[in-house]
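Have a look at input02.pdb below; it lists PDB, C-alpha atoms and all ligand atoms.
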```
ATOM      1  CA  MET I   1      22.489  49.563  -1.917  1.00  0.00           C
ATOM      2  CA  ARG I   2      25.551  49.009   0.298  1.00  0.00           C
ATOM      3  CA  ILE I   3      25.635  45.340   1.271  1.00  0.00           C
ATOM      4  CA  GLY I   4      28.020  43.693   3.740  1.00  0.00           C
ATOM      5  CA  VAL I   5      28.245  39.941   3.321  1.00  0.00           C
ATOM      6  CA  LEU I   6      29.620  37.880   6.209  1.00  0.00           C
ATOM      7  CA  GLY I   7      31.342  34.752   4.899  1.00  0.00           C
ATOM      8  CA  THR I   8      33.081  33.928   1.649  1.00  0.00           C
ATOM      9  CA  GLY I   9      31.554  30.562   0.737  1.00  0.00           C
ATOM     10  CA  ARG I  10      29.182  29.425  -1.964  1.00  0.00           C
ATOM     11  CA  MET I  11      26.108  31.507  -1.093  1.00  0.00           C
ATOM     12  CA  ALA I  12      28.185  34.566  -0.202  1.00  0.00           C
ATOM     13  CA  THR I  13      30.138  34.661  -3.460  1.00  0.00           C
ATOM     14  CA  THR I  14      27.158  33.707  -5.629  1.00  0.00           C
ATOM     15  CA  LEU I  15      24.999  36.486  -4.199  1.00  0.00           C
ATOM     16  CA  ALA I  16      27.888  38.971  -4.207  1.00  0.00           C
ATOM     17  CA  ARG I  17      28.303  38.344  -7.939  1.00  0.00           C
ATOM     18  CA  LEU I  18      24.576  38.758  -8.653  1.00  0.00           C
ATOM     19  CA  TRP I  19      24.218  41.885  -6.533  1.00  0.00           C
ATOM     20  CA  GLY I  20      27.453  43.403  -7.781  1.00  0.00           C
ATOM     21  CA  SER I  21      26.223  42.873 -11.338  1.00  0.00           C
ATOM     22  CA  ALA I  22      22.927  44.529 -10.401  1.00  0.00           C
ATOM     23  CA  GLY I  23      24.804  47.674  -9.331  1.00  0.00           C
ATOM     24  CA  HIS I  24      24.940  47.183  -5.554  1.00  0.00           C
ATOM     25  CA  GLU I  25      28.106  48.009  -3.589  1.00  0.00           C
ATOM     26  CA  VAL I  26      29.062  44.690  -2.007  1.00  0.00           C
ATOM     27  CA  LEU I  27      31.813  44.012   0.521  1.00  0.00           C
ATOM     28  CA  LEU I  28      32.630  40.367   1.348  1.00  0.00           C
ATOM     29  CA  GLY I  29      33.734  40.030   4.975  1.00  0.00           C
ATOM     30  CA  SER I  30      35.704  37.030   6.154  1.00  0.00           C
ATOM     31  CA  ARG I  31      37.000  35.889   9.529  1.00  0.00           C
ATOM     32  CA  ALA I  32      40.357  36.283   7.760  1.00  0.00           C
ATOM     33  CA  PRO I  33      40.328  39.664   5.933  1.00  0.00           C
ATOM     34  CA  GLU I  34      42.860  38.458   3.359  1.00  0.00           C
ATOM     35  CA  ARG I  35      40.436  35.675   2.407  1.00  0.00           C
ATOM     36  CA  GLY I  36      37.714  38.278   2.013  1.00  0.00           C
ATOM     37  CA  ARG I  37      39.876  40.284  -0.376  1.00  0.00           C
ATOM     38  CA  ALA I  38      40.850  37.170  -2.355  1.00  0.00           C
ATOM     39  CA  ALA I  39      37.220  36.068  -2.639  1.00  0.00           C
ATOM     40  CA  ALA I  40      36.202  39.544  -3.819  1.00  0.00           C
ATOM     41  CA  ALA I  41      38.942  39.587  -6.458  1.00  0.00           C
ATOM     42  CA  GLU I  42      37.688  36.243  -7.744  1.00  0.00           C
ATOM     43  CA  VAL I  43      34.064  37.414  -7.846  1.00  0.00           C
ATOM     44  CA  GLY I  44      34.832  40.680  -9.654  1.00  0.00           C
ATOM     45  CA  CYS I  45      31.743  42.806 -10.510  1.00  0.00           C
ATOM     46  CA  GLY I  46      33.105  45.677  -8.376  1.00  0.00           C
ATOM     47  CA  VAL I  47      32.855  43.590  -5.193  1.00  0.00           C
ATOM     48  CA  ARG I  48      35.337  44.482  -2.436  1.00  0.00           C
ATOM     49  CA  GLY I  49      36.626  42.326   0.412  1.00  0.00           C
ATOM     50  CA  GLY I  50      37.906  42.520   3.965  1.00  0.00           C
ATOM     51  CA  GLY I  51      37.033  41.445   7.474  1.00  0.00           C
ATOM     52  CA  HIS I  52      33.732  41.151   9.331  1.00  0.00           C
ATOM     53  CA  ASP I  53      34.053  44.630  10.840  1.00  0.00           C
ATOM     54  CA  GLU I  54      34.571  46.255   7.438  1.00  0.00           C
ATOM     55  CA  ALA I  55      31.519  44.455   6.035  1.00  0.00           C
ATOM     56  CA  ILE I  56      29.360  45.548   8.972  1.00  0.00           C
ATOM     57  CA  THR I  57      30.570  49.151   8.754  1.00  0.00           C
ATOM     58  CA  HIS I  58      29.980  49.159   4.997  1.00  0.00           C
ATOM     59  CA  GLY I  59      26.543  47.597   4.932  1.00  0.00           C
ATOM     60  CA  GLU I  60      23.175  49.283   5.121  1.00  0.00           C
ATOM     61  CA  VAL I  61      22.197  45.645   5.130  1.00  0.00           C
ATOM     62  CA  VAL I  62      24.282  42.674   6.262  1.00  0.00           C
ATOM     63  CA  LEU I  63      23.872  39.163   4.882  1.00  0.00           C
ATOM     64  CA  LEU I  64      24.650  36.280   7.243  1.00  0.00           C
ATOM     65  CA  THR I  65      26.046  33.208   5.492  1.00  0.00           C
ATOM     66  CA  PHE I  66      27.555  31.263   8.388  1.00  0.00           C
ATOM     67  CA  PRO I  67      26.879  27.552   8.840  1.00  0.00           C
ATOM     68  CA  GLY I  68      23.579  27.124  10.706  1.00  0.00           C
ATOM     69  CA  GLY I  69      25.252  25.525  13.716  1.00  0.00           C
ATOM     70  CA  ASP I  70      27.608  28.502  14.157  1.00  0.00           C
ATOM     71  CA  VAL I  71      25.459  31.479  13.255  1.00  0.00           C
ATOM     72  CA  VAL I  72      23.966  32.368  16.648  1.00  0.00           C
ATOM     73  CA  ARG I  73      27.343  32.253  18.397  1.00  0.00           C
ATOM     74  CA  GLY I  74      28.919  34.117  15.476  1.00  0.00           C
ATOM     75  CA  VAL I  75      26.349  36.917  15.524  1.00  0.00           C
ATOM     76  CA  SER I  76      26.538  37.327  19.291  1.00  0.00           C
ATOM     77  CA  ALA I  77      30.288  38.009  18.998  1.00  0.00           C
ATOM     78  CA  LEU I  78      29.824  40.821  16.442  1.00  0.00           C
ATOM     79  CA  HIS I  79      28.817  44.458  16.871  1.00  0.00           C
ATOM     80  CA  PHE I  80      26.056  45.630  14.571  1.00  0.00           C
ATOM     81  CA  ARG I  81      24.653  49.142  14.336  1.00  0.00           C
ATOM     82  CA  ASP I  82      21.318  49.957  15.927  1.00  0.00           C
ATOM     83  CA  GLY I  83      18.560  49.223  13.424  1.00  0.00           C
ATOM     84  CA  GLN I  84      20.897  47.493  10.968  1.00  0.00           C
ATOM     85  CA  VAL I  85      19.076  45.052   8.702  1.00  0.00           C
ATOM     86  CA  LEU I  86      20.376  41.488   9.000  1.00  0.00           C
ATOM     87  CA  VAL I  87      19.316  39.077   6.271  1.00  0.00           C
ATOM     88  CA  ASP I  88      19.586  35.520   7.553  1.00  0.00           C
ATOM     89  CA  LEU I  89      19.806  32.777   4.919  1.00  0.00           C
ATOM     90  CA  THR I  90      21.123  30.059   7.202  1.00  0.00           C
ATOM     91  CA  ASN I  91      19.650  26.595   7.423  1.00  0.00           C
ATOM     92  CA  ARG I  92      19.332  24.210  10.322  1.00  0.00           C
ATOM     93  CA  VAL I  93      20.722  21.131   8.641  1.00  0.00           C
ATOM     94  CA  GLY I  94      21.347  18.492  11.312  1.00  0.00           C
ATOM     95  CA  LEU I  95      20.175  20.789  14.141  1.00  0.00           C
ATOM     96  CA  GLU I  96      17.377  19.886  16.548  1.00  0.00           C
ATOM     97  CA  LEU I  97      15.171  22.887  17.351  1.00  0.00           C
ATOM     98  CA  GLN I  98      11.898  22.927  19.294  1.00  0.00           C
ATOM     99  CA  ALA I  99       8.666  23.213  17.295  1.00  0.00           C
ATOM    100  CA  GLY I 100       8.168  26.825  16.202  1.00  0.00           C
ATOM    101  CA  ASP I 101      11.732  27.831  17.075  1.00  0.00           C
ATOM    102  CA  SER I 102      14.029  29.130  14.340  1.00  0.00           C
ATOM    103  CA  LEU I 103      17.602  30.218  13.785  1.00  0.00           C
ATOM    104  CA  ALA I 104      16.290  33.604  12.653  1.00  0.00           C
ATOM    105  CA  GLN I 105      14.516  34.229  15.958  1.00  0.00           C
ATOM    106  CA  ARG I 106      17.591  33.115  17.872  1.00  0.00           C
ATOM    107  CA  ILE I 107      19.673  35.586  15.864  1.00  0.00           C
ATOM    108  CA  GLN I 108      17.154  38.354  16.635  1.00  0.00           C
ATOM    109  CA  ASN I 109      17.364  37.440  20.333  1.00  0.00           C
ATOM    110  CA  VAL I 110      21.156  37.795  20.479  1.00  0.00           C
ATOM    111  CA  ALA I 111      21.124  40.987  18.356  1.00  0.00           C
ATOM    112  CA  PRO I 112      17.908  42.637  19.633  1.00  0.00           C
ATOM    113  CA  HIS I 113      18.748  46.139  18.332  1.00  0.00           C
ATOM    114  CA  THR I 114      18.955  44.891  14.715  1.00  0.00           C
ATOM    115  CA  ARG I 115      16.131  44.063  12.299  1.00  0.00           C
ATOM    116  CA  VAL I 116      16.344  40.441  11.172  1.00  0.00           C
ATOM    117  CA  VAL I 117      14.720  39.181   7.999  1.00  0.00           C
ATOM    118  CA  LYS I 118      14.746  35.517   7.008  1.00  0.00           C
ATOM    119  CA  ALA I 119      15.256  35.219   3.251  1.00  0.00           C
ATOM    120  CA  LEU I 120      17.181  33.458   0.483  1.00  0.00           C
ATOM    121  CA  ASN I 121      17.455  30.177   2.411  1.00  0.00           C
ATOM    122  CA  THR I 122      15.261  28.062   0.133  1.00  0.00           C
ATOM    123  CA  VAL I 123      17.201  28.022  -3.163  1.00  0.00           C
ATOM    124  CA  HIS I 124      20.455  26.230  -3.895  1.00  0.00           C
ATOM    125  CA  PHE I 125      23.402  28.433  -4.819  1.00  0.00           C
ATOM    126  CA  ARG I 126      23.741  26.778  -8.224  1.00  0.00           C
ATOM    127  CA  CYS I 127      20.117  27.638  -9.035  1.00  0.00           C
ATOM    128  CA  LEU I 128      20.823  31.261  -8.142  1.00  0.00           C
ATOM    129  CA  ALA I 129      23.833  31.348 -10.436  1.00  0.00           C
ATOM    130  CA  HIS I 130      22.043  29.411 -13.191  1.00  0.00           C
ATOM    131  CA  PRO I 131      18.242  29.672 -12.849  1.00  0.00           C
ATOM    132  CA  VAL I 132      16.413  26.388 -13.347  1.00  0.00           C
ATOM    133  CA  HIS I 133      13.751  27.758 -15.711  1.00  0.00           C
ATOM    134  CA  PRO I 134      14.093  30.406 -18.463  1.00  0.00           C
ATOM    135  CA  THR I 135      10.897  32.297 -17.585  1.00  0.00           C
ATOM    136  CA  VAL I 136       9.521  31.096 -14.217  1.00  0.00           C
ATOM    137  CA  ARG I 137      11.363  32.545 -11.242  1.00  0.00           C
ATOM    138  CA  ALA I 138      12.030  30.321  -8.235  1.00  0.00           C
ATOM    139  CA  ALA I 139      10.119  31.261  -5.088  1.00  0.00           C
ATOM    140  CA  GLY I 140      11.896  33.652  -2.745  1.00  0.00           C
ATOM    141  CA  PRO I 141       9.859  33.700   0.470  1.00  0.00           C
ATOM    142  CA  TYR I 142      10.988  36.057   3.214  1.00  0.00           C
ATOM    143  CA  CYS I 143       9.668  37.055   6.629  1.00  0.00           C
ATOM    144  CA  GLY I 144      10.405  39.694   9.220  1.00  0.00           C
ATOM    145  CA  ASP I 145       8.816  42.062  11.698  1.00  0.00           C
ATOM    146  CA  ASP I 146       9.903  45.430  10.280  1.00  0.00           C
ATOM    147  CA  ALA I 147       8.258  46.679   7.078  1.00  0.00           C
ATOM    148  CA  ASP I 148      11.262  48.711   5.866  1.00  0.00           C
ATOM    149  CA  ALA I 149      13.662  45.846   6.529  1.00  0.00           C
ATOM    150  CA  CYS I 150      11.346  43.495   4.645  1.00  0.00           C
ATOM    151  CA  ALA I 151      11.210  45.933   1.708  1.00  0.00           C
ATOM    152  CA  THR I 152      15.017  45.976   1.632  1.00  0.00           C
ATOM    153  CA  ALA I 153      15.156  42.172   1.712  1.00  0.00           C
ATOM    154  CA  SER I 154      12.492  41.950  -0.990  1.00  0.00           C
ATOM    155  CA  ARG I 155      14.615  44.072  -3.323  1.00  0.00           C
ATOM    156  CA  LEU I 156      17.617  41.839  -2.702  1.00  0.00           C
ATOM    157  CA  VAL I 157      15.486  38.743  -3.353  1.00  0.00           C
ATOM    158  CA  VAL I 158      14.426  40.240  -6.697  1.00  0.00           C
ATOM    159  CA  ASP I 159      18.028  41.145  -7.553  1.00  0.00           C
ATOM    160  CA  ALA I 160      18.985  37.538  -6.807  1.00  0.00           C
ATOM    161  CA  GLY I 161      16.572  36.519  -9.577  1.00  0.00           C
ATOM    162  CA  LEU I 162      13.808  35.175  -7.315  1.00  0.00           C
ATOM    163  CA  ASP I 163      10.075  35.804  -6.964  1.00  0.00           C
ATOM    164  CA  PRO I 164       9.644  37.730  -3.675  1.00  0.00           C
ATOM    165  CA  ILE I 165       6.876  36.325  -1.455  1.00  0.00           C
ATOM    166  CA  TYR I 166       6.158  37.962   1.902  1.00  0.00           C
ATOM    167  CA  ALA I 167       5.593  35.152   4.413  1.00  0.00           C
ATOM    168  CA  GLY I 168       4.650  37.120   7.533  1.00  0.00           C
ATOM    169  CA  PRO I 169       6.465  38.097  10.731  1.00  0.00           C
ATOM    170  CA  LEU I 170       9.728  36.597  11.945  1.00  0.00           C
ATOM    171  CA  SER I 171       7.785  34.075  14.050  1.00  0.00           C
ATOM    172  CA  GLN I 172       7.099  32.385  10.707  1.00  0.00           C
ATOM    173  CA  ALA I 173      10.798  31.811  10.029  1.00  0.00           C
ATOM    174  CA  TYR I 174      10.571  28.195  11.174  1.00  0.00           C
ATOM    175  CA  LEU I 175       8.307  27.578   8.156  1.00  0.00           C
ATOM    176  CA  LEU I 176      10.973  28.880   5.765  1.00  0.00           C
ATOM    177  CA  GLU I 177      13.599  26.796   7.522  1.00  0.00           C
ATOM    178  CA  HIS I 178      11.430  23.669   7.219  1.00  0.00           C
ATOM    179  CA  PHE I 179      10.660  24.542   3.596  1.00  0.00           C
ATOM    180  CA  ALA I 180      14.395  24.467   2.905  1.00  0.00           C
ATOM    181  CA  LEU I 181      14.730  21.147   4.731  1.00  0.00           C
ATOM    182  CA  LEU I 182      12.027  19.698   2.481  1.00  0.00           C
ATOM    183  CA  TRP I 183      13.909  20.832  -0.627  1.00  0.00           C
ATOM    184  CA  ILE I 184      17.213  19.469   0.754  1.00  0.00           C
ATOM    185  CA  ASP I 185      15.578  16.104   1.499  1.00  0.00           C
ATOM    186  CA  LEU I 186      14.022  15.897  -1.974  1.00  0.00           C
ATOM    187  CA  ALA I 187      17.181  17.018  -3.738  1.00  0.00           C
ATOM    188  CA  PHE I 188      19.717  14.896  -1.906  1.00  0.00           C
ATOM    189  CA  LYS I 189      17.766  11.859  -0.621  1.00  0.00           C
ATOM    190  CA  ARG I 190      14.756  11.313  -2.919  1.00  0.00           C
ATOM    191  CA  GLY I 191      16.474  11.598  -6.273  1.00  0.00           C
ATOM    192  CA  VAL I 192      14.903  14.932  -7.279  1.00  0.00           C
ATOM    193  CA  GLY I 193      18.339  16.460  -7.799  1.00  0.00           C
ATOM    194  CA  VAL I 194      20.003  19.778  -7.148  1.00  0.00           C
ATOM    195  CA  GLU I 195      19.039  21.608 -10.337  1.00  0.00           C
ATOM    196  CA  THR I 196      15.510  22.176  -8.989  1.00  0.00           C
ATOM    197  CA  ALA I 197      13.582  24.873  -7.158  1.00  0.00           C
ATOM    198  CA  PHE I 198      10.055  25.549  -5.949  1.00  0.00           C
ATOM    199  CA  ALA I 199       7.959  28.214  -7.689  1.00  0.00           C
ATOM    200  CA  LEU I 200       4.626  29.794  -6.712  1.00  0.00           C
ATOM    201  CA  LEU I 201       2.085  29.491  -9.532  1.00  0.00           C
ATOM    202  CA  ARG I 202      -0.564  32.211  -9.508  1.00  0.00           C
ATOM    203  CA  ALA I 203      -3.908  31.898 -11.261  1.00  0.00           C
ATOM    204  CA  GLY I 204      -4.037  34.137 -14.331  1.00  0.00           C
ATOM    205  CA  SER I 205      -0.309  34.807 -14.517  1.00  0.00           C
ATOM    206  CA  ALA I 206       1.437  34.192 -17.820  1.00  0.00           C
TER     207      ALA I 206
HETATM  208  N1  LIG I 301      24.686  26.030  -0.256  1.00  0.00           N
HETATM  209  C1  LIG I 301      23.462  26.410  -0.584  1.00  0.00           C
HETATM  210  O1  LIG I 301      23.023  26.224  -1.727  1.00  0.00           O
HETATM  211  C2  LIG I 301      22.589  27.081   0.439  1.00  0.00           C
HETATM  212  C3  LIG I 301      21.320  27.516   0.058  1.00  0.00           C
HETATM  213  C4  LIG I 301      20.530  28.200   0.989  1.00  0.00           C
HETATM  214  C5  LIG I 301      21.002  28.412   2.265  1.00  0.00           C
HETATM  215  N2  LIG I 301      22.240  27.937   2.613  1.00  0.00           N
HETATM  216  C6  LIG I 301      22.732  28.206   3.974  1.00  0.00           C
HETATM  217  O2  LIG I 301      23.645  29.276   3.826  1.00  0.00           O
HETATM  218  C7  LIG I 301      24.727  29.138   4.749  1.00  0.00           C
HETATM  219  C8  LIG I 301      26.027  29.111   3.964  1.00  0.00           C
HETATM  220  O3  LIG I 301      26.015  28.033   3.065  1.00  0.00           O
HETATM  221  P1  LIG I 301      27.231  27.852   2.031  1.00  0.00           P
HETATM  222  O4  LIG I 301      26.891  26.663   1.229  1.00  0.00           O
HETATM  223  O5  LIG I 301      27.526  29.143   1.373  1.00  0.00           O
HETATM  224  O6  LIG I 301      28.422  27.477   3.046  1.00  0.00           O
HETATM  225  P2  LIG I 301      29.973  27.582   2.811  1.00  0.00           P
HETATM  226  O7  LIG I 301      30.289  27.524   1.375  1.00  0.00           O
HETATM  227  O8  LIG I 301      30.574  26.567   3.731  1.00  0.00           O
HETATM  228  O9  LIG I 301      30.336  29.056   3.351  1.00  0.00           O
HETATM  229  C9  LIG I 301      30.138  29.430   4.691  1.00  0.00           C
HETATM  230  C10 LIG I 301      31.109  30.566   5.009  1.00  0.00           C
HETATM  231  O10 LIG I 301      30.922  30.956   6.369  1.00  0.00           O
HETATM  232  C11 LIG I 301      32.183  31.222   6.985  1.00  0.00           C
HETATM  233  N3  LIG I 301      32.282  30.346   8.155  1.00  0.00           N
HETATM  234  C12 LIG I 301      32.533  29.006   8.187  1.00  0.00           C
HETATM  235  N4  LIG I 301      32.515  28.546   9.458  1.00  0.00           N
HETATM  236  C13 LIG I 301      32.268  29.622  10.231  1.00  0.00           C
HETATM  237  C14 LIG I 301      32.136  29.810  11.644  1.00  0.00           C
HETATM  238  N5  LIG I 301      32.275  28.784  12.506  1.00  0.00           N
HETATM  239  N6  LIG I 301      31.870  31.045  12.100  1.00  0.00           N
HETATM  240  C15 LIG I 301      31.738  32.092  11.239  1.00  0.00           C
HETATM  241  N7  LIG I 301      31.873  31.969   9.893  1.00  0.00           N
HETATM  242  C16 LIG I 301      32.119  30.759   9.423  1.00  0.00           C
HETATM  243  C17 LIG I 301      33.280  30.931   5.973  1.00  0.00           C
HETATM  244  O11 LIG I 301      33.797  32.171   5.468  1.00  0.00           O
HETATM  245  P3  LIG I 301      35.200  32.729   6.040  1.00  0.00           P
HETATM  246  O12 LIG I 301      36.058  31.524   6.260  1.00  0.00           O
HETATM  247  O13 LIG I 301      35.711  33.588   4.952  1.00  0.00           O
HETATM  248  O14 LIG I 301      34.895  33.473   7.292  1.00  0.00           O
HETATM  249  C18 LIG I 301      32.571  30.158   4.884  1.00  0.00           C
HETATM  250  O15 LIG I 301      33.063  30.458   3.613  1.00  0.00           O
HETATM  251  C19 LIG I 301      24.449  27.866   5.544  1.00  0.00           C
HETATM  252  O16 LIG I 301      23.800  28.196   6.742  1.00  0.00           O
HETATM  253  C20 LIG I 301      23.528  27.083   4.628  1.00  0.00           C
HETATM  254  O17 LIG I 301      22.686  26.193   5.334  1.00  0.00           O
HETATM  255  C21 LIG I 301      23.051  27.295   1.734  1.00  0.00           C
END
```

Final structure tokens representation of the file:
Amino acid sequence: MRIGVLGTGRMATTLARLWGSAGHEVLLGSRAPERGRAAAAEVGCGVRGGGHDEAITHGEVVLLTFPGGDVVRGVSALHFRDGQVLVDLTNRVGLELQAGDSLAQRIQNVAPHTRVVKALNTVHFRCLAHPVHPTVRAAGPYCGDDADACATASRLVVDAGLDPIYAGPLSQAYLLEHFALLWIDLAFKRGVGVETAFALLRAGSA
């Protein structure tokens, strides 16, 4: 799959490495194209780099890795293709949103011709790079309104090493964002630690 990644930080480079290793064609897009190229060179795995526009042109799917407080403004300033799949992994740390509201829905509102899927926001980047458990995959819930876009996101969740769990339409994104806030609170304030992740246990599974 051709994947454009917007941003060159921890989640962007971790996922670029995993997806590049899995055989996807990844292009890391930065606000500063030179930084995108440098980040790609550091990641390796066939990953290329450049600016935001190159990543959007390249990607059948585009991953948004901006800080939560900047993502809606950032997306509204960019030009995506009609029907392009946007995977939103941002979190609302320190942001006050109304009950039921979500960053993912706000992104969909400012880019109405795209297909937004919320995914990959509930696992720490270190636990993507180095899975917590040798056999049990961390939960990878995702939600979105378009079945094909959700199928695309599900494949990327699997190729990030997670257990894909469909969590309903995009109106459910606030649940995924709160789920991440719970993990962040446990990990950073309640002593649970960063090397942790939630998993879904299913009756009868090995
Ligand atoms: N860290 C985690 O484990 C984790 C887990 C799940 C979800 N998340 C969420 O994923 C997102 C990224 O987290 P991260 O830890 O990867 O952050 P990060 O390391 O700070 O990377 C964010 C990247 O976004 C770009 N950026 C920064 N400010 C921006 C702005 N104002 N407008 C547009 N682009 C900007 C930068 O790339 P350029 O300078 O190259 O443009 C930067 O490298 C956040 O929303 C976070 O809540 C993080």

Discussion item. Just checking: using only C-alpha atoms, which residue out of I:Ile184, I:Val192, I:Ala40, I:Ala203 ends up closest to Arg92 in chain I?
Written reply: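 Smallest separation from Arg92 in chain I among the options: I:Ile184.
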
What are the nearest atom pairs, with distances in Å to one decimal, for all residues of chain I that come at most 9 Å from ligand LIG 301 (chain I), using all atoms listed in the file, set out by chain and rising residue number as a tab-separated table?
```
residue	atom	partner	partner_atom	distance
I:Leu6	CA	I:LIG301	O14	7.0
I:Gly7	CA	I:LIG301	O11	3.6
I:Thr8	CA	I:LIG301	O15	4.0
I:Gly9	CA	I:LIG301	O15	3.2
I:Arg10	CA	I:LIG301	O5	3.7
I:Met11	CA	I:LIG301	O5	3.7
I:Ala12	CA	I:LIG301	O5	5.7
I:Thr13	CA	I:LIG301	O5	7.8
I:Thr14	CA	I:LIG301	O5	8.4
I:Leu28	CA	I:LIG301	O13	8.3
I:Gly29	CA	I:LIG301	O13	6.7
I:Ser30	CA	I:LIG301	O13	3.6
I:Arg31	CA	I:LIG301	O14	3.9
I:Ala32	CA	I:LIG301	O13	6.1
I:Pro33	CA	I:LIG301	O13	7.7
I:Glu34	CA	I:LIG301	O13	8.8
I:Arg35	CA	I:LIG301	O13	5.8
I:Gly36	CA	I:LIG301	O13	5.9
I:Ala39	CA	I:LIG301	O13	8.1
I:Gly51	CA	I:LIG301	O14	8.3
I:His52	CA	I:LIG301	O14	8.0
I:Leu64	CA	I:LIG301	C7	7.6
I:Thr65	CA	I:LIG301	C7	4.3
I:Phe66	CA	I:LIG301	O10	3.9
I:Pro67	CA	I:LIG301	O16	3.8
I:Gly68	CA	I:LIG301	O16	4.1
I:Gly69	CA	I:LIG301	O16	7.6
I:Asp70	CA	I:LIG301	N5	5.0
I:Val71	CA	I:LIG301	N6	6.5
I:Arg73	CA	I:LIG301	N6	7.8
I:Gly74	CA	I:LIG301	N6	5.4
I:Val75	CA	I:LIG301	C15	8.4
I:Asp88	CA	I:LIG301	O2	8.3
I:Leu89	CA	I:LIG301	C5	5.2
I:Thr90	CA	I:LIG301	O16	3.3
I:Asn91	CA	I:LIG301	O17	3.7
I:Arg92	CA	I:LIG301	O17	6.3
I:Val93	CA	I:LIG301	O17	6.4
I:Ala119	CA	I:LIG301	C5	9.0
I:Leu120	CA	I:LIG301	C4	6.3
I:Asn121	CA	I:LIG301	C4	3.9
I:Thr122	CA	I:LIG301	C4	5.3
I:Val123	CA	I:LIG301	C3	5.3
I:His124	CA	I:LIG301	O1	3.4
I:Phe125	CA	I:LIG301	O1	3.8
I:Arg126	CA	I:LIG301	O1	6.6
I:Cys127	CA	I:LIG301	O1	8.0
I:Leu128	CA	I:LIG301	O1	8.4
I:Ala180	CA	I:LIG301	C4	7.4
I:Val194	CA	I:LIG301	O1	8.9
```

Item to complete: Could you state which residues are captured by the PyMOL selection byres (((chain I and resi 101) around 12) and not hetatm) in this file, as a list in words?
Response: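 For this structure, the PyMOL selection byres (((chain I and resi 101) around 12) and not hetatm) captures Arg92, Leu95, Glu96, Leu97, Gln98, Ala99, Gly100, Ser102, Leu103, Ala104, Gln105, Arg106, Ile107, Gln108, Asn109, Leu170, Ser171, Gln172, Ala173, Tyr174, Leu175, Leu176, Glu177 and His178 of chain I.
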
Can you list, as a compact mmCIF listing (two decimals) with C-alpha atoms, in the coordinates of the input, the residues that the PyMOL selection byres (((chain I and resi 44) around 10) and not hetatm) selects here?
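Generated file (expr.txt):
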```
# COMPACT_ATOMS: atom_id res chain seq x y z
CA THR I 13 30.14 34.66 -3.46
CA ALA I 16 27.89 38.97 -4.21
CA ARG I 17 28.30 38.34 -7.94
CA GLY I 20 27.45 43.40 -7.78
CA SER I 21 26.22 42.87 -11.34
CA ALA I 39 37.22 36.07 -2.64
CA ALA I 40 36.20 39.54 -3.82
CA ALA I 41 38.94 39.59 -6.46
CA GLU I 42 37.69 36.24 -7.74
CA VAL I 43 34.06 37.41 -7.85
CA CYS I 45 31.74 42.81 -10.51
CA GLY I 46 33.10 45.68 -8.38
CA VAL I 47 32.85 43.59 -5.19
CA ARG I 48 35.34 44.48 -2.44
```

Enclose the full set of atoms of range 77-92 of chain I listed in the file within a box whose edges lie along x, y and z, apply 6 Å of padding to each of the six sides, and report centre and edge lengths in Å to one decimal as lines of an AutoDock Vina configuration file.
```
center_x = 24.4
center_y = 37.1
center_z = 12.0
size_x = 23.7
size_y = 37.7
size_z = 26.1
```

Discussion item. Under the PyMOL selection byres (((chain I and resi 82) around 12) and not hetatm), which residues of this model are included? Write them out as a count of residues only.
Written reply: 17

Worksheet item: Of the candidates I:Arg37, I:Lys118, I:Arg202, I:His24, which shows the shortest atom-to-atom distance to Ser154 in chain I, using all atoms listed in the file?
Response: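 Ranking I:Arg37, I:Lys118, I:Arg202, I:His24 by distance to Ser154 in chain I, first place goes to I:Lys118.
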
Practice prompt. Quick one: pull the distance between CA of Lys189 in chain I and CA of His130 in chain I, Å, one decimal.
Written response: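 Distance between the two atoms: 22.0 Å.
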
Worksheet entry | Among the residues I:Leu162, I:Val26, I:Val136, I:Val110, the one that comes closest to Ser205 in chain I [using all atoms listed in the file] | I:Val136

Worksheet item: Between I:Gly161, I:Gly94, I:Pro141, I:Pro134, which is the closest to Trp19 in chain I once you count only C-alpha atoms?
Response: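 Between I:Gly161, I:Gly94, I:Pro141, I:Pro134, the residue approaching Trp19 in chain I most closely is I:Gly161.
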
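Using all atoms listed in the file for every distance, the candidate list I:Ala139, I:Ile3, I:Ala38, I:Ala160 yields I:Ala160 as the residue closest to Leu15 in chain I.
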
Fill in: Selection near Gly4 in chain I, 6 Å with only C-alpha atoms, sequence-local residues under 6 positions removed, as a list of chain:residue names
I:Val26, I:Leu27, I:Ala55, I:Ile56, I:His58, I:Gly59, I:Val62

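Note that CA of Glu25 in chain I and CA of Val87 in chain I are 15.9 Å apart.
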
Discussion item. Using Å and a single decimal, report how far CA of Leu182 in chain I sits from CA of Leu201 in chain I.
Written reply: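 Separation between CA of Leu201 in chain I and CA of Leu182 in chain I: 18.4 Å.
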